[in-house]
>>> print(open('entry_0.pdb').read())   # PDB, N, CA and C atoms
MODEL        1
ATOM      1  N   MET A1126      -6.486  -7.734   4.637  1.00  0.00           N
ATOM      2  CA  MET A1126      -5.135  -7.350   4.300  1.00  0.00           C
ATOM      3  C   MET A1126      -4.717  -6.193   5.186  1.00  0.00           C
ATOM      4  N   ARG A1127      -3.448  -6.142   5.460  1.00  0.00           N
ATOM      5  CA  ARG A1127      -2.881  -5.096   6.312  1.00  0.00           C
ATOM      6  C   ARG A1127      -1.855  -4.313   5.506  1.00  0.00           C
ATOM      7  N   LEU A1128      -1.918  -2.993   5.606  1.00  0.00           N
ATOM      8  CA  LEU A1128      -1.001  -2.117   4.872  1.00  0.00           C
ATOM      9  C   LEU A1128      -0.156  -1.307   5.832  1.00  0.00           C
ATOM     10  N   VAL A1129       1.078  -1.097   5.424  1.00  0.00           N
ATOM     11  CA  VAL A1129       1.978  -0.196   6.127  1.00  0.00           C
ATOM     12  C   VAL A1129       2.689   0.623   5.054  1.00  0.00           C
ATOM     13  N   VAL A1130       2.701   1.922   5.241  1.00  0.00           N
ATOM     14  CA  VAL A1130       3.431   2.795   4.323  1.00  0.00           C
ATOM     15  C   VAL A1130       4.601   3.387   5.089  1.00  0.00           C
ATOM     16  N   ASP A1131       5.788   3.215   4.531  1.00  0.00           N
ATOM     17  CA  ASP A1131       6.982   3.824   5.113  1.00  0.00           C
ATOM     18  C   ASP A1131       6.949   5.303   4.739  1.00  0.00           C
ATOM     19  N   LEU A1132       6.450   6.117   5.653  1.00  0.00           N
ATOM     20  CA  LEU A1132       6.283   7.539   5.361  1.00  0.00           C
ATOM     21  C   LEU A1132       7.605   8.280   5.252  1.00  0.00           C
ATOM     22  N   ASN A1133       8.684   7.690   5.734  1.00  0.00           N
ATOM     23  CA  ASN A1133      10.012   8.275   5.527  1.00  0.00           C
ATOM     24  C   ASN A1133      10.485   8.057   4.097  1.00  0.00           C
ATOM     25  N   ARG A1134      10.064   6.975   3.500  1.00  0.00           N
ATOM     26  CA  ARG A1134      10.439   6.657   2.126  1.00  0.00           C
ATOM     27  C   ARG A1134       9.504   7.322   1.114  1.00  0.00           C
ATOM     28  N   CYS A1135       8.221   7.466   1.478  1.00  0.00           N
ATOM     29  CA  CYS A1135       7.216   8.041   0.575  1.00  0.00           C
ATOM     30  C   CYS A1135       7.645   9.431   0.130  1.00  0.00           C
ATOM     31  N   GLN A1136       7.573   9.677  -1.167  1.00  0.00           N
ATOM     32  CA  GLN A1136       7.962  10.970  -1.729  1.00  0.00           C
ATOM     33  C   GLN A1136       6.759  11.766  -2.240  1.00  0.00           C
ATOM     34  N   GLY A1137       5.549  11.266  -2.007  1.00  0.00           N
ATOM     35  CA  GLY A1137       4.345  11.993  -2.391  1.00  0.00           C
ATOM     36  C   GLY A1137       4.034  11.985  -3.869  1.00  0.00           C
ATOM     37  N   TYR A1138       4.453  10.951  -4.594  1.00  0.00           N
ATOM     38  CA  TYR A1138       4.145  10.867  -6.024  1.00  0.00           C
ATOM     39  C   TYR A1138       2.661  10.650  -6.275  1.00  0.00           C
ATOM     40  N   ALA A1139       1.940  10.114  -5.293  1.00  0.00           N
ATOM     41  CA  ALA A1139       0.480   9.943  -5.312  1.00  0.00           C
ATOM     42  C   ALA A1139      -0.024   8.905  -6.304  1.00  0.00           C
ATOM     43  N   GLN A1140       0.831   8.046  -6.810  1.00  0.00           N
ATOM     44  CA  GLN A1140       0.357   6.991  -7.706  1.00  0.00           C
ATOM     45  C   GLN A1140      -0.641   6.081  -6.987  1.00  0.00           C
ATOM     46  N   CYS A1141      -0.401   5.830  -5.709  1.00  0.00           N
ATOM     47  CA  CYS A1141      -1.308   4.985  -4.931  1.00  0.00           C
ATOM     48  C   CYS A1141      -2.689   5.631  -4.823  1.00  0.00           C
ATOM     49  N   ALA A1142      -2.735   6.934  -4.615  1.00  0.00           N
ATOM     50  CA  ALA A1142      -4.006   7.637  -4.485  1.00  0.00           C
ATOM     51  C   ALA A1142      -4.797   7.616  -5.790  1.00  0.00           C
ATOM     52  N   PHE A1143      -4.104   7.611  -6.920  1.00  0.00           N
ATOM     53  CA  PHE A1143      -4.772   7.527  -8.215  1.00  0.00           C
ATOM     54  C   PHE A1143      -5.306   6.116  -8.471  1.00  0.00           C
ATOM     55  N   LEU A1144      -4.545   5.112  -8.061  1.00  0.00           N
ATOM     56  CA  LEU A1144      -4.898   3.726  -8.365  1.00  0.00           C
ATOM     57  C   LEU A1144      -5.814   3.069  -7.335  1.00  0.00           C
ATOM     58  N   ALA A1145      -5.784   3.545  -6.103  1.00  0.00           N
ATOM     59  CA  ALA A1145      -6.637   2.985  -5.045  1.00  0.00           C
ATOM     60  C   ALA A1145      -7.181   4.116  -4.175  1.00  0.00           C
ATOM     61  N   PRO A1146      -8.051   4.966  -4.743  1.00  0.00           N
ATOM     62  CA  PRO A1146      -8.527   6.141  -4.007  1.00  0.00           C
ATOM     63  C   PRO A1146      -9.385   5.823  -2.789  1.00  0.00           C
ATOM     64  N   GLU A1147      -9.907   4.618  -2.706  1.00  0.00           N
ATOM     65  CA  GLU A1147     -10.682   4.227  -1.524  1.00  0.00           C
ATOM     66  C   GLU A1147      -9.769   3.898  -0.343  1.00  0.00           C
ATOM     67  N   VAL A1148      -8.485   3.708  -0.612  1.00  0.00           N
ATOM     68  CA  VAL A1148      -7.525   3.306   0.416  1.00  0.00           C
ATOM     69  C   VAL A1148      -6.516   4.413   0.715  1.00  0.00           C
ATOM     70  N   PHE A1149      -6.045   5.105  -0.318  1.00  0.00           N
ATOM     71  CA  PHE A1149      -5.003   6.118  -0.178  1.00  0.00           C
ATOM     72  C   PHE A1149      -5.537   7.492  -0.598  1.00  0.00           C
ATOM     73  N   ALA A1150      -5.078   8.535   0.086  1.00  0.00           N
ATOM     74  CA  ALA A1150      -5.447   9.902  -0.287  1.00  0.00           C
ATOM     75  C   ALA A1150      -4.307  10.837   0.099  1.00  0.00           C
ATOM     76  N   MET A1151      -4.114  11.840  -0.718  1.00  0.00           N
ATOM     77  CA  MET A1151      -3.119  12.854  -0.403  1.00  0.00           C
ATOM     78  C   MET A1151      -3.796  13.963   0.396  1.00  0.00           C
ATOM     79  N   HIS A1152      -3.124  14.413   1.436  1.00  0.00           N
ATOM     80  CA  HIS A1152      -3.584  15.535   2.242  1.00  0.00           C
ATOM     81  C   HIS A1152      -2.559  16.641   2.032  1.00  0.00           C
ATOM     82  N   GLY A1153      -2.912  17.589   1.214  1.00  0.00           N
ATOM     83  CA  GLY A1153      -1.949  18.618   0.840  1.00  0.00           C
ATOM     84  C   GLY A1153      -1.039  18.072  -0.258  1.00  0.00           C
ATOM     85  N   ASP A1154       0.132  18.642  -0.372  1.00  0.00           N
ATOM     86  CA  ASP A1154       1.055  18.238  -1.431  1.00  0.00           C
ATOM     87  C   ASP A1154       1.889  17.015  -1.091  1.00  0.00           C
ATOM     88  N   GLU A1155       2.113  16.760   0.185  1.00  0.00           N
ATOM     89  CA  GLU A1155       3.054  15.700   0.533  1.00  0.00           C
ATOM     90  C   GLU A1155       2.562  14.684   1.552  1.00  0.00           C
ATOM     91  N   ALA A1156       1.514  14.965   2.303  1.00  0.00           N
ATOM     92  CA  ALA A1156       1.079  14.061   3.369  1.00  0.00           C
ATOM     93  C   ALA A1156       0.132  12.988   2.831  1.00  0.00           C
ATOM     94  N   LEU A1157       0.474  11.742   3.058  1.00  0.00           N
ATOM     95  CA  LEU A1157      -0.340  10.622   2.599  1.00  0.00           C
ATOM     96  C   LEU A1157      -1.184  10.100   3.754  1.00  0.00           C
ATOM     97  N   LEU A1158      -2.474   9.935   3.496  1.00  0.00           N
ATOM     98  CA  LEU A1158      -3.379   9.284   4.427  1.00  0.00           C
ATOM     99  C   LEU A1158      -3.756   7.944   3.814  1.00  0.00           C
ATOM    100  N   TYR A1159      -3.910   6.911   4.643  1.00  0.00           N
ATOM    101  CA  TYR A1159      -4.298   5.602   4.110  1.00  0.00           C
ATOM    102  C   TYR A1159      -4.995   4.770   5.168  1.00  0.00           C
ATOM    103  N   ASN A1160      -5.750   3.790   4.721  1.00  0.00           N
ATOM    104  CA  ASN A1160      -6.452   2.876   5.599  1.00  0.00           C
ATOM    105  C   ASN A1160      -5.576   1.638   5.777  1.00  0.00           C
ATOM    106  N   PRO A1161      -5.001   1.421   6.953  1.00  0.00           N
ATOM    107  CA  PRO A1161      -4.095   0.283   7.134  1.00  0.00           C
ATOM    108  C   PRO A1161      -4.804  -1.070   7.110  1.00  0.00           C
ATOM    109  N   GLU A1162      -6.127  -1.055   7.266  1.00  0.00           N
ATOM    110  CA  GLU A1162      -6.921  -2.290   7.223  1.00  0.00           C
ATOM    111  C   GLU A1162      -7.877  -2.221   6.043  1.00  0.00           C
ATOM    112  N   ALA A1163      -7.351  -2.144   4.847  1.00  0.00           N
ATOM    113  CA  ALA A1163      -8.164  -2.000   3.639  1.00  0.00           C
ATOM    114  C   ALA A1163      -9.071  -3.213   3.443  1.00  0.00           C
ATOM    115  N   ASP A1164     -10.255  -2.959   2.904  1.00  0.00           N
ATOM    116  CA  ASP A1164     -11.202  -4.027   2.616  1.00  0.00           C
ATOM    117  C   ASP A1164     -10.668  -4.945   1.536  1.00  0.00           C
ATOM    118  N   GLU A1165     -11.028  -6.195   1.628  1.00  0.00           N
ATOM    119  CA  GLU A1165     -10.583  -7.196   0.654  1.00  0.00           C
ATOM    120  C   GLU A1165     -11.041  -6.849  -0.769  1.00  0.00           C
ATOM    121  N   GLU A1166     -12.143  -6.126  -0.889  1.00  0.00           N
ATOM    122  CA  GLU A1166     -12.629  -5.716  -2.216  1.00  0.00           C
ATOM    123  C   GLU A1166     -11.640  -4.792  -2.923  1.00  0.00           C
ATOM    124  N   GLN A1167     -10.749  -4.188  -2.165  1.00  0.00           N
ATOM    125  CA  GLN A1167      -9.762  -3.264  -2.718  1.00  0.00           C
ATOM    126  C   GLN A1167      -8.453  -3.955  -3.099  1.00  0.00           C
ATOM    127  N   ARG A1168      -8.421  -5.252  -2.974  1.00  0.00           N
ATOM    128  CA  ARG A1168      -7.177  -6.000  -3.163  1.00  0.00           C
ATOM    129  C   ARG A1168      -6.500  -5.723  -4.507  1.00  0.00           C
ATOM    130  N   GLU A1169      -7.251  -5.767  -5.585  1.00  0.00           N
ATOM    131  CA  GLU A1169      -6.660  -5.540  -6.911  1.00  0.00           C
ATOM    132  C   GLU A1169      -6.128  -4.109  -7.049  1.00  0.00           C
ATOM    133  N   HIS A1170      -6.884  -3.146  -6.542  1.00  0.00           N
ATOM    134  CA  HIS A1170      -6.441  -1.754  -6.600  1.00  0.00           C
ATOM    135  C   HIS A1170      -5.176  -1.552  -5.763  1.00  0.00           C
ATOM    136  N   VAL A1171      -5.146  -2.170  -4.580  1.00  0.00           N
ATOM    137  CA  VAL A1171      -3.974  -2.057  -3.712  1.00  0.00           C
ATOM    138  C   VAL A1171      -2.754  -2.697  -4.380  1.00  0.00           C
ATOM    139  N   ALA A1172      -2.943  -3.851  -4.999  1.00  0.00           N
ATOM    140  CA  ALA A1172      -1.828  -4.517  -5.686  1.00  0.00           C
ATOM    141  C   ALA A1172      -1.253  -3.621  -6.776  1.00  0.00           C
ATOM    142  N   ARG A1173      -2.111  -2.939  -7.510  1.00  0.00           N
ATOM    143  CA  ARG A1173      -1.644  -2.013  -8.544  1.00  0.00           C
ATOM    144  C   ARG A1173      -0.898  -0.830  -7.926  1.00  0.00           C
ATOM    145  N   ALA A1174      -1.421  -0.333  -6.796  1.00  0.00           N
ATOM    146  CA  ALA A1174      -0.775   0.794  -6.114  1.00  0.00           C
ATOM    147  C   ALA A1174       0.605   0.400  -5.606  1.00  0.00           C
ATOM    148  N   VAL A1175       0.721  -0.796  -5.048  1.00  0.00           N
ATOM    149  CA  VAL A1175       2.022  -1.280  -4.558  1.00  0.00           C
ATOM    150  C   VAL A1175       3.007  -1.361  -5.717  1.00  0.00           C
ATOM    151  N   ALA A1176       2.569  -1.927  -6.824  1.00  0.00           N
ATOM    152  CA  ALA A1176       3.444  -2.078  -7.987  1.00  0.00           C
ATOM    153  C   ALA A1176       3.838  -0.732  -8.593  1.00  0.00           C
ATOM    154  N   ALA A1177       2.967   0.256  -8.483  1.00  0.00           N
ATOM    155  CA  ALA A1177       3.227   1.558  -9.109  1.00  0.00           C
ATOM    156  C   ALA A1177       4.050   2.498  -8.244  1.00  0.00           C
ATOM    157  N   CYS A1178       4.194   2.207  -6.966  1.00  0.00           N
ATOM    158  CA  CYS A1178       4.940   3.114  -6.094  1.00  0.00           C
ATOM    159  C   CYS A1178       6.409   3.161  -6.530  1.00  0.00           C
ATOM    160  N   PRO A1179       6.885   4.309  -7.000  1.00  0.00           N
ATOM    161  CA  PRO A1179       8.244   4.378  -7.531  1.00  0.00           C
ATOM    162  C   PRO A1179       9.341   4.196  -6.485  1.00  0.00           C
ATOM    163  N   VAL A1180       9.005   4.341  -5.214  1.00  0.00           N
ATOM    164  CA  VAL A1180      10.026   4.185  -4.172  1.00  0.00           C
ATOM    165  C   VAL A1180       9.783   2.960  -3.298  1.00  0.00           C
ATOM    166  N   GLY A1181       8.779   2.159  -3.610  1.00  0.00           N
ATOM    167  CA  GLY A1181       8.516   0.934  -2.858  1.00  0.00           C
ATOM    168  C   GLY A1181       8.152   1.178  -1.406  1.00  0.00           C
ATOM    169  N   ALA A1182       7.365   2.207  -1.140  1.00  0.00           N
ATOM    170  CA  ALA A1182       7.045   2.580   0.236  1.00  0.00           C
ATOM    171  C   ALA A1182       5.863   1.825   0.831  1.00  0.00           C
ATOM    172  N   ILE A1183       5.104   1.117  -0.005  1.00  0.00           N
ATOM    173  CA  ILE A1183       3.899   0.452   0.482  1.00  0.00           C
ATOM    174  C   ILE A1183       4.189  -1.020   0.741  1.00  0.00           C
ATOM    175  N   LEU A1184       3.914  -1.450   1.953  1.00  0.00           N
ATOM    176  CA  LEU A1184       4.087  -2.837   2.346  1.00  0.00           C
ATOM    177  C   LEU A1184       2.708  -3.427   2.581  1.00  0.00           C
ATOM    178  N   VAL A1185       2.479  -4.652   2.115  1.00  0.00           N
ATOM    179  CA  VAL A1185       1.158  -5.265   2.255  1.00  0.00           C
ATOM    180  C   VAL A1185       1.285  -6.703   2.740  1.00  0.00           C
ATOM    181  N   GLU A1186       0.361  -7.082   3.597  1.00  0.00           N
ATOM    182  CA  GLU A1186       0.298  -8.454   4.097  1.00  0.00           C
ATOM    183  C   GLU A1186      -1.118  -8.955   3.845  1.00  0.00           C
ATOM    184  N   TYR A1187      -1.222 -10.005   3.043  1.00  0.00           N
ATOM    185  CA  TYR A1187      -2.521 -10.607   2.774  1.00  0.00           C
ATOM    186  C   TYR A1187      -2.764 -11.735   3.761  1.00  0.00           C
ATOM    187  N   ASP A1188      -4.014 -12.045   3.987  1.00  0.00           N
ATOM    188  CA  ASP A1188      -4.395 -13.132   4.878  1.00  0.00           C
ATOM    189  C   ASP A1188      -3.805 -14.435   4.346  1.00  0.00           C
ATOM    190  N   ALA A1189      -3.160 -15.191   5.204  1.00  0.00           N
ATOM    191  CA  ALA A1189      -2.537 -16.447   4.796  1.00  0.00           C
ATOM    192  C   ALA A1189      -3.564 -17.441   4.269  1.00  0.00           C
ATOM    193  N   ALA A1190      -4.809 -17.341   4.690  1.00  0.00           N
ATOM    194  CA  ALA A1190      -5.861 -18.235   4.207  1.00  0.00           C
ATOM    195  C   ALA A1190      -6.109 -18.054   2.717  1.00  0.00           C
ATOM    196  N   ASP A1191      -5.775 -16.887   2.183  1.00  0.00           N
ATOM    197  CA  ASP A1191      -5.941 -16.626   0.757  1.00  0.00           C
ATOM    198  C   ASP A1191      -4.838 -17.270  -0.077  1.00  0.00           C
ATOM    199  N   GLY A1192      -3.806 -17.766   0.600  1.00  0.00           N
ATOM    200  CA  GLY A1192      -2.693 -18.354  -0.122  1.00  0.00           C
ATOM    201  C   GLY A1192      -1.789 -17.322  -0.754  1.00  0.00           C
ATOM    202  N   ALA A1193      -1.918 -16.075  -0.345  1.00  0.00           N
ATOM    203  CA  ALA A1193      -1.120 -15.012  -0.935  1.00  0.00           C
ATOM    204  C   ALA A1193       0.271 -14.999  -0.322  1.00  0.00           C
ATOM    205  N   VAL A1194       1.190 -14.549  -1.098  1.00  0.00           N
ATOM    206  CA  VAL A1194       2.572 -14.412  -0.637  1.00  0.00           C
ATOM    207  C   VAL A1194       2.722 -13.050   0.011  1.00  0.00           C
ATOM    208  N   LEU A1195       3.402 -13.000   1.135  1.00  0.00           N
ATOM    209  CA  LEU A1195       3.655 -11.732   1.807  1.00  0.00           C
ATOM    210  C   LEU A1195       4.775 -10.991   1.095  1.00  0.00           C
ATOM    211  N   THR A1196       4.696  -9.683   1.092  1.00  0.00           N
ATOM    212  CA  THR A1196       5.780  -8.922   0.487  1.00  0.00           C
ATOM    213  C   THR A1196       7.039  -9.136   1.323  1.00  0.00           C
ATOM    214  N   PRO A1197       8.216  -9.092   0.720  1.00  0.00           N
ATOM    215  CA  PRO A1197       9.458  -9.343   1.463  1.00  0.00           C
ATOM    216  C   PRO A1197       9.613  -8.454   2.677  1.00  0.00           C
ATOM    217  N   GLU A1198       9.177  -7.200   2.592  1.00  0.00           N
ATOM    218  CA  GLU A1198       9.322  -6.277   3.707  1.00  0.00           C
ATOM    219  C   GLU A1198       8.505  -6.743   4.906  1.00  0.00           C
ATOM    220  N   VAL A1199       7.320  -7.289   4.675  1.00  0.00           N
ATOM    221  CA  VAL A1199       6.462  -7.758   5.758  1.00  0.00           C
ATOM    222  C   VAL A1199       7.077  -8.999   6.401  1.00  0.00           C
ATOM    223  N   ARG A1200       7.754  -9.821   5.598  1.00  0.00           N
ATOM    224  CA  ARG A1200       8.396 -11.015   6.128  1.00  0.00           C
ATOM    225  C   ARG A1200       9.700 -10.684   6.829  1.00  0.00           C
ATOM    226  N   GLY A1201      10.156  -9.464   6.746  1.00  0.00           N
ATOM    227  CA  GLY A1201      11.400  -9.066   7.400  1.00  0.00           C
ATOM    228  C   GLY A1201      12.631  -9.372   6.580  1.00  0.00           C
ATOM    229  N   GLU A1202      12.499  -9.463   5.265  1.00  0.00           N
ATOM    230  CA  GLU A1202      13.622  -9.830   4.394  1.00  0.00           C
ATOM    231  C   GLU A1202      14.208  -8.648   3.661  1.00  0.00           C
ATOM    232  N   ARG A1203      13.944  -7.461   4.075  1.00  0.00           N
ATOM    233  CA  ARG A1203      14.433  -6.290   3.348  1.00  0.00           C
ATOM    234  C   ARG A1203      15.901  -6.120   3.496  1.00  0.00           C
TER     235      ARG A1203
ENDMDL
END
>>> encode(input="entry_0.pdb", output="structure tokens")
Amino acid sequence: MRLVVDLNRCQGYAQCAFLAPEVFAMHGDEALLYNPEADEEQREHVARAVAACPVGAILVEYDAADGAVLTPEVRGER
């Protein structure tokens, strides 16, 4: 899976860091660090983090072989 965080949209609520700490981490009060190539084992945690982001800043693309639907932002439908 591939992740992209719109850092202009991110407001530092840190819900992603709480729900997927292996993928997302806060550096200071506002700077978000993340692994753009998260391991597949983190898929459920990442899905929860995406759903919990209050500003919709996290975009995710799952491997098409998994049969997963791409988020609208990744498909260019925003």
>>> residues_around(input="entry_0.pdb", residues="range 1130-1133 of chain A", least_positions_apart="6", cutoff="6.5 Å", atoms="all atoms listed in the file", output="PyMOL selection string")
chain A and resi 1182-1184
>>> atom_distance(input="entry_0.pdb", atom1="CA of Glu1155 in chain A", atom2="CA of Tyr1187 in chain A")
27.0 Å
>>> residues_near_point(input="entry_0.pdb", point="(-7.0, 6.2, -1.7)", cutoff="10 Å", atoms="only C-alpha atoms", output="ChimeraX atom specification")
/A:1139-1151,1157-1160,1163,1167,1170-1171,1174
>>> resolve_selection(input="entry_0.pdb", expression="the PyMOL selection byres (((chain A and resi 1179 and name CA) around 9) and name CA)", output="ChimeraX atom specification")
/A:1135-1136,1138,1140,1175-1178,1180-1182
>>> write_last_selection(input="entry_0.pdb", atoms="N, CA and C atoms", output="compact mmCIF listing (two decimals), keeping the file's coordinate frame")
# COMPACT_ATOMS: atom_id res chain seq x y z
N CYS A 1135 8.22 7.47 1.48
CA CYS A 1135 7.22 8.04 0.57
C CYS A 1135 7.64 9.43 0.13
N GLN A 1136 7.57 9.68 -1.17
CA GLN A 1136 7.96 10.97 -1.73
C GLN A 1136 6.76 11.77 -2.24
N TYR A 1138 4.45 10.95 -4.59
CA TYR A 1138 4.14 10.87 -6.02
C TYR A 1138 2.66 10.65 -6.28
N GLN A 1140 0.83 8.05 -6.81
CA GLN A 1140 0.36 6.99 -7.71
C GLN A 1140 -0.64 6.08 -6.99
N VAL A 1175 0.72 -0.80 -5.05
CA VAL A 1175 2.02 -1.28 -4.56
C VAL A 1175 3.01 -1.36 -5.72
N ALA A 1176 2.57 -1.93 -6.82
CA ALA A 1176 3.44 -2.08 -7.99
C ALA A 1176 3.84 -0.73 -8.59
N ALA A 1177 2.97 0.26 -8.48
CA ALA A 1177 3.23 1.56 -9.11
C ALA A 1177 4.05 2.50 -8.24
N CYS A 1178 4.19 2.21 -6.97
CA CYS A 1178 4.94 3.11 -6.09
C CYS A 1178 6.41 3.16 -6.53
N VAL A 1180 9.01 4.34 -5.21
CA VAL A 1180 10.03 4.18 -4.17
C VAL A 1180 9.78 2.96 -3.30
N GLY A 1181 8.78 2.16 -3.61
CA GLY A 1181 8.52 0.93 -2.86
C GLY A 1181 8.15 1.18 -1.41
N ALA A 1182 7.36 2.21 -1.14
CA ALA A 1182 7.04 2.58 0.24
C ALA A 1182 5.86 1.82 0.83
>>> atom_distance(input="entry_0.pdb", atom1="atom C of Arg1127 in chain A", atom2="CA of Asp1154 in chain A")
23.8 Å
>>> atom_distance(input="entry_0.pdb", atom1="atom N of Val1185 in chain A", atom2="atom N of Gly1137 in chain A")
16.7 Å
>>> axis_aligned_box(input="entry_0.pdb", around="range 1127-1139 of chain A", padding_each_side="8 Å", output="JSON")
{"center_x": 3.5, "center_y": 2.9, "center_z": 0.0, "size_x": 29.9, "size_y": 34.1, "size_z": 28.6}
>>> select_by_dssp(input="entry_0.pdb", residues="range 1126-1190 of chain A", states="strand (DSSP E or B)", output="list in words")
Arg1127, Leu1128, Val1129, Val1130, Phe1149, Ala1150, Met1151, His1152, Ala1156, Leu1157, Leu1158, Tyr1159, Ile1183, Leu1184, Val1185 and Glu1186 of chain A
